[in-house]
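So this one's data.txt, compact mmCIF, C-alpha atoms and all ligand atoms:
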# COMPACT_ATOMS: atom_id res chain seq x y z
CA MET S 261 -125.56 -134.62 -85.17
CA GLU S 262 -121.98 -134.72 -86.45
CA LEU S 263 -121.42 -131.19 -85.14
CA PHE S 264 -122.86 -132.23 -81.74
CA ARG S 265 -120.62 -135.28 -81.67
CA ASN S 266 -117.54 -133.21 -82.39
CA ILE S 267 -118.33 -130.41 -79.96
CA CYS S 268 -119.02 -132.89 -77.16
CA GLY S 269 -116.02 -135.02 -77.97
CA LEU S 270 -118.28 -137.99 -78.63
CA ALA S 271 -116.47 -138.63 -81.87
CA THR S 272 -113.42 -139.75 -79.94
CA LYS S 273 -114.97 -141.37 -76.87
CA THR S 274 -117.81 -143.83 -76.57
CA ILE S 275 -120.62 -143.12 -74.13
CA SER S 276 -119.35 -145.85 -71.81
CA ASP S 277 -115.79 -144.42 -71.85
CA ARG S 278 -117.22 -141.07 -70.87
CA TYR S 279 -119.33 -142.65 -68.15
CA ASP S 280 -116.29 -144.40 -66.64
CA ILE S 281 -114.07 -141.32 -66.79
CA SER S 282 -116.77 -139.17 -65.25
CA MET S 283 -117.16 -141.72 -62.45
CA LEU S 284 -113.45 -141.63 -61.69
CA GLN S 285 -113.54 -137.84 -61.71
CA GLN S 286 -116.34 -137.88 -59.13
CA LEU S 287 -114.41 -140.36 -56.98
CA GLU S 288 -111.17 -138.38 -57.24
CA LYS S 289 -113.01 -135.22 -56.17
CA VAL S 290 -114.35 -136.95 -53.05
CA LEU S 291 -110.93 -138.46 -52.26
CA ASN S 292 -109.33 -135.02 -52.59
CA ARG S 293 -111.71 -133.66 -49.93
CA SER S 294 -110.02 -136.07 -47.50
CA GLY S 295 -106.54 -135.19 -48.75
CA VAL S 296 -106.27 -138.45 -50.75
CA SER S 297 -105.72 -138.99 -54.49
CA PHE S 298 -105.66 -142.05 -56.70
CA PHE S 299 -102.70 -140.53 -58.43
CA GLY S 300 -100.47 -140.50 -55.37
CA SER S 301 -100.39 -144.30 -55.48
CA ARG S 302 -97.25 -146.20 -56.50
CA GLU S 303 -98.53 -149.75 -55.94
CA PHE S 304 -102.22 -149.95 -56.68
CA LEU S 305 -104.59 -152.92 -56.38
CA ASP S 306 -107.90 -152.94 -58.28
CA PHE S 307 -109.78 -155.56 -56.23
CA GLY S 308 -112.67 -157.14 -58.17
CA CYS S 309 -111.34 -155.64 -61.40
CA GLY S 310 -114.18 -157.11 -63.50
CA THR S 311 -113.95 -156.30 -67.20
CA GLY S 312 -110.94 -154.05 -66.67
CA ARG S 313 -112.80 -150.87 -67.61
CA LEU S 314 -111.27 -148.99 -64.65
CA ALA S 315 -107.90 -150.78 -64.63
CA GLN S 316 -107.47 -149.60 -68.19
CA LEU S 317 -108.07 -145.99 -67.19
CA PHE S 318 -105.80 -146.26 -64.14
CA SER S 319 -103.07 -147.67 -66.34
CA GLY S 320 -103.27 -144.60 -68.57
CA TYR S 321 -103.53 -142.06 -65.76
CA MET S 322 -100.85 -143.68 -63.58
CA PRO S 323 -98.16 -144.75 -66.02
CA ASP S 324 -95.49 -145.07 -63.34
CA ALA S 325 -97.51 -146.96 -60.74
CA LYS S 326 -97.27 -150.71 -60.33
CA LEU S 327 -100.74 -151.95 -61.12
CA TYR S 328 -102.28 -155.10 -59.64
CA GLY S 329 -105.76 -156.40 -60.31
CA CYS S 330 -107.66 -159.44 -59.13
CA ASP S 331 -111.06 -161.04 -59.43
CA VAL S 332 -112.73 -164.32 -58.55
CA LYS S 333 -113.59 -164.93 -62.19
CA SER S 334 -110.68 -166.23 -64.23
CA TYR S 335 -112.17 -165.22 -67.59
CA LEU S 336 -112.33 -161.60 -66.38
CA VAL S 337 -108.75 -161.75 -65.14
CA LYS S 338 -107.64 -163.02 -68.55
CA ARG S 339 -109.53 -160.23 -70.25
CA CYS S 340 -107.87 -157.62 -68.00
CA ALA S 341 -104.43 -159.06 -68.74
CA ARG S 342 -105.14 -158.69 -72.47
CA LEU S 343 -106.46 -155.14 -72.06
CA VAL S 344 -103.66 -153.94 -69.78
CA PRO S 345 -100.55 -155.95 -70.58
CA ARG S 346 -98.38 -154.07 -68.10
CA GLY S 347 -100.74 -154.94 -65.19
CA ASN S 348 -100.25 -157.82 -62.78
CA PHE S 349 -103.57 -159.64 -62.76
CA PHE S 350 -104.44 -162.74 -60.77
CA VAL S 351 -107.40 -164.82 -59.65
CA ASN S 352 -108.34 -164.87 -55.96
CA GLY S 353 -110.74 -167.01 -53.96
CA VAL S 354 -114.12 -165.97 -52.58
CA VAL S 355 -112.33 -165.35 -49.28
CA PRO S 356 -108.70 -164.38 -48.56
CA PRO S 357 -105.79 -164.64 -48.91
CA LEU S 358 -104.53 -162.58 -51.83
CA ASP S 359 -101.34 -163.63 -53.52
CA LEU S 360 -99.56 -160.51 -52.25
CA GLU S 361 -96.93 -159.94 -49.56
CA ASP S 362 -97.71 -158.07 -46.35
CA GLY S 363 -97.41 -154.29 -46.86
CA SER S 364 -97.00 -154.53 -50.62
CA VAL S 365 -99.49 -151.93 -51.92
CA ASP S 366 -100.35 -148.38 -50.95
CA MET S 367 -103.92 -148.37 -52.22
CA VAL S 368 -106.62 -151.02 -52.51
CA PHE S 369 -109.56 -149.87 -54.57
CA ALA S 370 -112.76 -151.89 -54.82
CA TYR S 371 -115.54 -150.36 -56.88
CA SER S 372 -118.89 -152.08 -56.50
CA VAL S 373 -117.47 -155.24 -54.94
CA PHE S 374 -118.56 -154.73 -51.32
CA THR S 375 -121.99 -154.15 -52.83
CA HIS S 376 -122.11 -157.94 -53.41
CA LEU S 377 -120.27 -159.70 -50.58
CA LYS S 378 -121.74 -161.70 -47.71
CA GLU S 379 -121.14 -160.20 -44.29
CA ASP S 380 -118.58 -162.77 -43.15
CA ALA S 381 -116.59 -162.55 -46.42
CA HIS S 382 -116.52 -158.76 -46.36
CA ILE S 383 -115.06 -158.80 -42.83
CA GLN S 384 -112.34 -161.20 -43.93
CA TRP S 385 -111.52 -158.95 -46.90
CA LEU S 386 -111.25 -155.83 -44.73
CA ARG S 387 -108.65 -157.65 -42.60
CA GLU S 388 -106.83 -158.86 -45.69
CA PHE S 389 -106.64 -155.34 -47.12
CA SER S 390 -105.07 -154.20 -43.88
CA ARG S 391 -102.48 -156.98 -44.23
CA VAL S 392 -101.45 -156.13 -47.81
CA LEU S 393 -101.45 -152.36 -47.28
CA LYS S 394 -98.32 -150.45 -46.34
CA LYS S 395 -98.54 -148.24 -43.27
CA GLY S 396 -100.24 -145.01 -44.34
CA GLY S 397 -101.90 -146.80 -47.27
CA TYR S 398 -105.58 -146.48 -48.16
CA ALA S 399 -108.47 -148.83 -48.80
CA VAL S 400 -111.00 -147.04 -51.02
CA LEU S 401 -114.24 -148.99 -51.14
CA THR S 402 -117.73 -148.36 -52.44
CA THR S 403 -120.94 -149.62 -50.85
CA HIS S 404 -124.68 -149.39 -51.30
CA GLY S 405 -126.65 -147.69 -48.55
CA TYR S 406 -130.13 -146.23 -48.29
CA GLU S 407 -129.45 -143.37 -50.74
CA CYS S 408 -128.83 -145.95 -53.44
CA LEU S 409 -132.10 -147.75 -52.73
CA LYS S 410 -134.01 -144.46 -52.83
CA ARG S 411 -132.53 -143.59 -56.22
CA MET S 412 -133.25 -147.08 -57.56
CA ARG S 413 -136.88 -146.76 -56.51
CA LYS S 414 -137.11 -143.66 -58.67
CA PHE S 415 -134.81 -144.35 -61.61
CA SER S 416 -134.45 -148.14 -61.94
CA PRO S 417 -137.25 -149.88 -59.99
CA GLU S 418 -136.56 -153.15 -61.85
CA LYS S 419 -133.18 -153.30 -60.17
CA LEU S 420 -134.68 -152.57 -56.75
CA LYS S 421 -136.97 -155.62 -57.13
CA LYS S 422 -133.88 -157.86 -57.07
CA TYR S 423 -133.21 -156.74 -53.50
CA GLN S 424 -136.47 -158.44 -52.44
CA ILE S 425 -137.42 -155.41 -50.37
CA GLU S 426 -141.20 -155.17 -50.47
CA ASP S 427 -141.60 -151.85 -48.72
CA LEU S 428 -138.57 -149.61 -48.87
CA ASP S 429 -139.85 -147.06 -46.35
CA ASN S 430 -140.48 -149.80 -43.84
CA PHE S 431 -137.09 -151.38 -44.62
CA MET S 432 -135.32 -148.11 -43.83
CA VAL S 433 -137.27 -147.66 -40.60
CA ARG S 434 -136.13 -151.12 -39.47
CA LYS S 435 -132.50 -149.97 -39.87
CA GLU S 436 -131.22 -153.43 -40.62
CA GLN S 437 -127.45 -152.98 -40.46
CA TYR S 438 -126.07 -155.45 -43.00
CA TYR S 439 -128.58 -156.75 -45.52
CA TRP S 440 -127.71 -159.38 -48.12
CA VAL S 441 -129.73 -161.39 -50.61
CA GLN S 442 -128.49 -163.94 -53.09
CA ASN S 443 -128.78 -162.56 -56.59
CA LEU S 444 -127.92 -165.41 -58.94
CA ARG S 445 -129.05 -168.99 -58.36
CA LYS S 446 -125.74 -170.46 -59.51
CA GLU S 447 -123.60 -168.15 -57.37
CA PRO S 448 -124.28 -168.68 -53.65
CA ASP S 449 -121.57 -166.22 -52.59
CA TYR S 450 -122.53 -163.37 -54.91
CA GLY S 451 -125.48 -161.26 -53.91
CA LEU S 452 -126.71 -157.76 -53.27
CA ALA S 453 -125.53 -156.11 -50.05
CA VAL S 454 -126.84 -153.00 -48.34
CA ILE S 455 -124.53 -151.62 -45.64
CA THR S 456 -125.66 -148.73 -43.48
CA ASP S 457 -123.33 -145.93 -42.44
CA LYS S 458 -123.93 -146.96 -38.81
CA TYR S 459 -122.70 -150.48 -39.52
CA ILE S 460 -119.58 -149.12 -41.20
CA ARG S 461 -118.80 -146.71 -38.37
CA ASP S 462 -119.51 -149.30 -35.66
CA ASN S 463 -117.68 -152.25 -37.22
CA TRP S 464 -115.21 -151.61 -40.01
CA MET S 465 -112.49 -150.01 -37.91
CA LYS S 466 -112.92 -152.57 -35.14
CA VAL S 467 -112.56 -155.56 -37.46
CA SER S 468 -109.85 -154.18 -39.75
CA GLY S 469 -107.72 -152.21 -37.30
CA MET S 470 -107.74 -149.37 -39.87
CA GLU S 471 -108.99 -145.83 -39.29
CA LEU S 472 -111.81 -144.01 -41.04
CA LYS S 473 -110.38 -141.27 -43.23
CA GLY S 474 -113.55 -140.35 -45.08
CA TYR S 475 -117.10 -141.49 -45.71
CA GLU S 476 -119.43 -139.98 -48.26
CA PRO S 477 -122.93 -141.31 -48.95
CA ALA S 478 -123.90 -141.09 -52.64
CA ALA S 479 -120.38 -140.05 -53.62
CA VAL S 480 -120.95 -141.29 -57.16
CA GLU S 481 -124.19 -141.07 -59.09
CA ALA S 482 -124.47 -144.20 -61.17
CA TYR S 483 -126.95 -146.02 -63.39
CA PRO S 484 -128.56 -148.51 -62.89
CA GLU S 485 -127.23 -148.98 -59.39
CA GLY S 486 -128.54 -145.60 -58.19
CA CYS S 487 -125.42 -144.35 -56.54
CA GLN S 488 -122.47 -145.67 -54.55
CA ASP S 489 -121.25 -144.55 -51.14
CA LEU S 490 -117.49 -144.17 -50.70
CA VAL S 491 -115.47 -145.23 -47.69
CA ILE S 492 -111.79 -144.35 -47.26
CA LEU S 493 -109.84 -146.31 -44.66
CA ILE S 494 -106.24 -145.62 -43.75
CA LYS S 495 -103.83 -148.12 -42.29
CA GLY S 496 -102.28 -146.26 -39.41
CA ASN S 497 -99.00 -146.86 -37.66
CA GLY S 498 -100.54 -148.87 -34.81
C1 LIG S 501 -120.13 -155.10 -60.14
S1 LIG S 501 -118.65 -155.82 -60.63
C2 LIG S 501 -117.51 -154.46 -60.55
C3 LIG S 501 -116.30 -154.69 -61.39
C4 LIG S 501 -115.30 -153.52 -61.44
N1 LIG S 501 -114.83 -153.15 -60.13
C5 LIG S 501 -115.92 -152.35 -62.14
O1 LIG S 501 -116.27 -151.36 -61.47
O2 LIG S 501 -116.07 -152.41 -63.36
C6 LIG S 501 -118.16 -156.81 -59.20
C7 LIG S 501 -116.91 -157.60 -59.45
O3 LIG S 501 -116.46 -158.15 -58.21
C8 LIG S 501 -116.00 -159.45 -58.45
N2 LIG S 501 -116.00 -160.18 -57.18
C9 LIG S 501 -117.04 -160.66 -56.48
N3 LIG S 501 -116.65 -161.25 -55.35
C10 LIG S 501 -115.29 -161.12 -55.32
C11 LIG S 501 -114.28 -161.54 -54.41
N4 LIG S 501 -114.56 -162.20 -53.29
N5 LIG S 501 -112.99 -161.25 -54.71
C12 LIG S 501 -112.69 -160.58 -55.83
N6 LIG S 501 -113.60 -160.17 -56.74
C13 LIG S 501 -114.88 -160.44 -56.48
C14 LIG S 501 -116.95 -159.99 -59.49
O4 LIG S 501 -116.45 -161.13 -60.17
C15 LIG S 501 -117.10 -158.78 -60.39
O5 LIG S 501 -116.12 -158.74 -61.39
Could you take the file, read its structure, and then write that structure out as structure tokens?
Ligand SMILES: C[S@@+](CC[C@H](N)C(=O)[O-])C[C@H]1O[C@@H](n2cnc3c(N)ncnc32)[C@H](O)[C@@H]1O
Amino acid sequence: MELFRNICGLATKTISDRYDISMLQQLEKVLNRSGVSFFGSREFLDFGCGTGRLAQLFSGYMPDAKLYGCDVKSYLVKRCARLVPRGNFFVNGVVPPLDLEDGSVDMVFAYSVFTHLKEDAHIQWLREFSRVLKKGGYAVLTTHGYECLKRMRKFSPEKLKKYQIEDLDNFMVRKEQYYWVQNLRKEPDYGLAVITDKYIRDNWMKVSGMELKGYEPAAVEAYPEGCQDLVILIKGNG
């Protein structure tokens, strides 16, 4: 076992560290296919930074970038500030604005945040990202679509139950465009969202004024959420 741990590098990294790094590697690979990289960013916002697991990695991989992070939960923001002292972390509301100037960042990254937002809130956030992005900047966002639900059915059916979808095949035939259910009784704004690729292509550019740079269903394999789709928007010069 010790030999296995050493050969695999497990002695120096926990399983969850390795999971997070592998996830970023998958995301970076997909970004690169569209000519984008996390590591080209100089002013980076981790929107919905949660426990700081990714902010911590970005801080290490992007030592010269100015790092911002925000979340609706103040205890998570405090935790991030402790974990990444050089970061600029702040609490935001359920809906915009962010405490950032117009055109102040060149990348907004939101991993598994649009997987939870109500439709109206997510539209407001898309517009807000366009406001805080510099021209030529990117919004890199993950979503849950049908691929995710199919994987959940197979690998984590308990999680799929929370979506209150009785018959997944029938659900996918209906092609509901933006599906949202409340997940936690105490949190009326936090739920589980399923956004189809059609909805994204038909609406996101229209409401945000940004352009679609890349879209990849199941860009990241993930447990227990099945997988996450990746959308790259660019703020053009218009
Ligand atoms: C599934 S977690 C993902 C956290 C982090 N991005 C990660 O990958 O570890 C979703 C996060 O989004 C945050 N969140 C939910 N609604 C938000 C909003 N309107 N603005 C900012 N953060 C929000 C939650 O508090 C939570 O930390």
Counting all atoms listed in the file, which residues in chain S sit no more than 9 Å from ligand LIG 501 (chain S)? For each one, give the nearest pair of atoms and the distance in Å, sorted by chain then residue number, as CSV.
residue,atom,partner,partner_atom,distance
S:Asp280,CA,S:LIG501,O2,8.7
S:Asp306,CA,S:LIG501,N1,7.2
S:Phe307,CA,S:LIG501,C12,5.8
S:Gly308,CA,S:LIG501,N6,3.5
S:Cys309,CA,S:LIG501,N1,4.5
S:Gly310,CA,S:LIG501,O5,3.3
S:Thr311,CA,S:LIG501,O2,5.9
S:Gly312,CA,S:LIG501,O2,6.3
S:Arg313,CA,S:LIG501,O2,5.6
S:Leu314,CA,S:LIG501,O2,6.0
S:Ala315,CA,S:LIG501,O2,8.4
S:Cys330,CA,S:LIG501,C12,6.1
S:Asp331,CA,S:LIG501,N6,3.8
S:Val332,CA,S:LIG501,N6,4.6
S:Lys333,CA,S:LIG501,O4,5.2
S:Ser334,CA,S:LIG501,O4,8.7
S:Leu336,CA,S:LIG501,O5,6.9
S:Val337,CA,S:LIG501,O5,8.8
S:Val351,CA,S:LIG501,C12,7.8
S:Asn352,CA,S:LIG501,N5,6.0
S:Gly353,CA,S:LIG501,N4,6.2
S:Val354,CA,S:LIG501,N4,3.9
S:Val355,CA,S:LIG501,N4,5.6
S:Pro356,CA,S:LIG501,N4,7.8
S:Phe369,CA,S:LIG501,N1,8.3
S:Ala370,CA,S:LIG501,N1,5.8
S:Tyr371,CA,S:LIG501,N1,4.3
S:Ser372,CA,S:LIG501,C1,4.9
S:Val373,CA,S:LIG501,O3,4.5
S:Phe374,CA,S:LIG501,N3,7.9
S:Thr375,CA,S:LIG501,C1,7.6
S:His376,CA,S:LIG501,C9,6.5
S:Leu377,CA,S:LIG501,N3,6.2
S:Ala381,CA,S:LIG501,N4,7.2
S:His382,CA,S:LIG501,N4,8.0
S:Trp385,CA,S:LIG501,N4,7.8
S:Asp449,CA,S:LIG501,N3,7.5
S:Tyr450,CA,S:LIG501,N3,6.3
S:Gly451,CA,S:LIG501,C9,8.8
Interatomic distance (Å, one decimal) between CA of Glu481 in chain S and CA of Leu287 in chain S: 10.0 Å
Surrounding residues of Tyr398 in chain S excluding itself and chain neighbours under 2 positions, 8 Å, only C-alpha atoms, as JSON, numbers by chain: {"S": [366, 367, 368, 393, 396, 400, 492, 493, 494, 495]}
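Residues in contact with Leu452 in chain S at 7 Å, where all atoms listed in the file are counted and same-chain residues fewer than 6 positions away are skipped, are listed as Thr375, His376, Tyr423, Trp440, Val441, Gln442 and Asn443 of chain S.
Distance annotation: of S:Cys487, S:Leu386, S:Lys466, S:Asp359, the residue with the minimal separation from Lys414 in chain S is S:Cys487; atom set is all atoms listed in the file.
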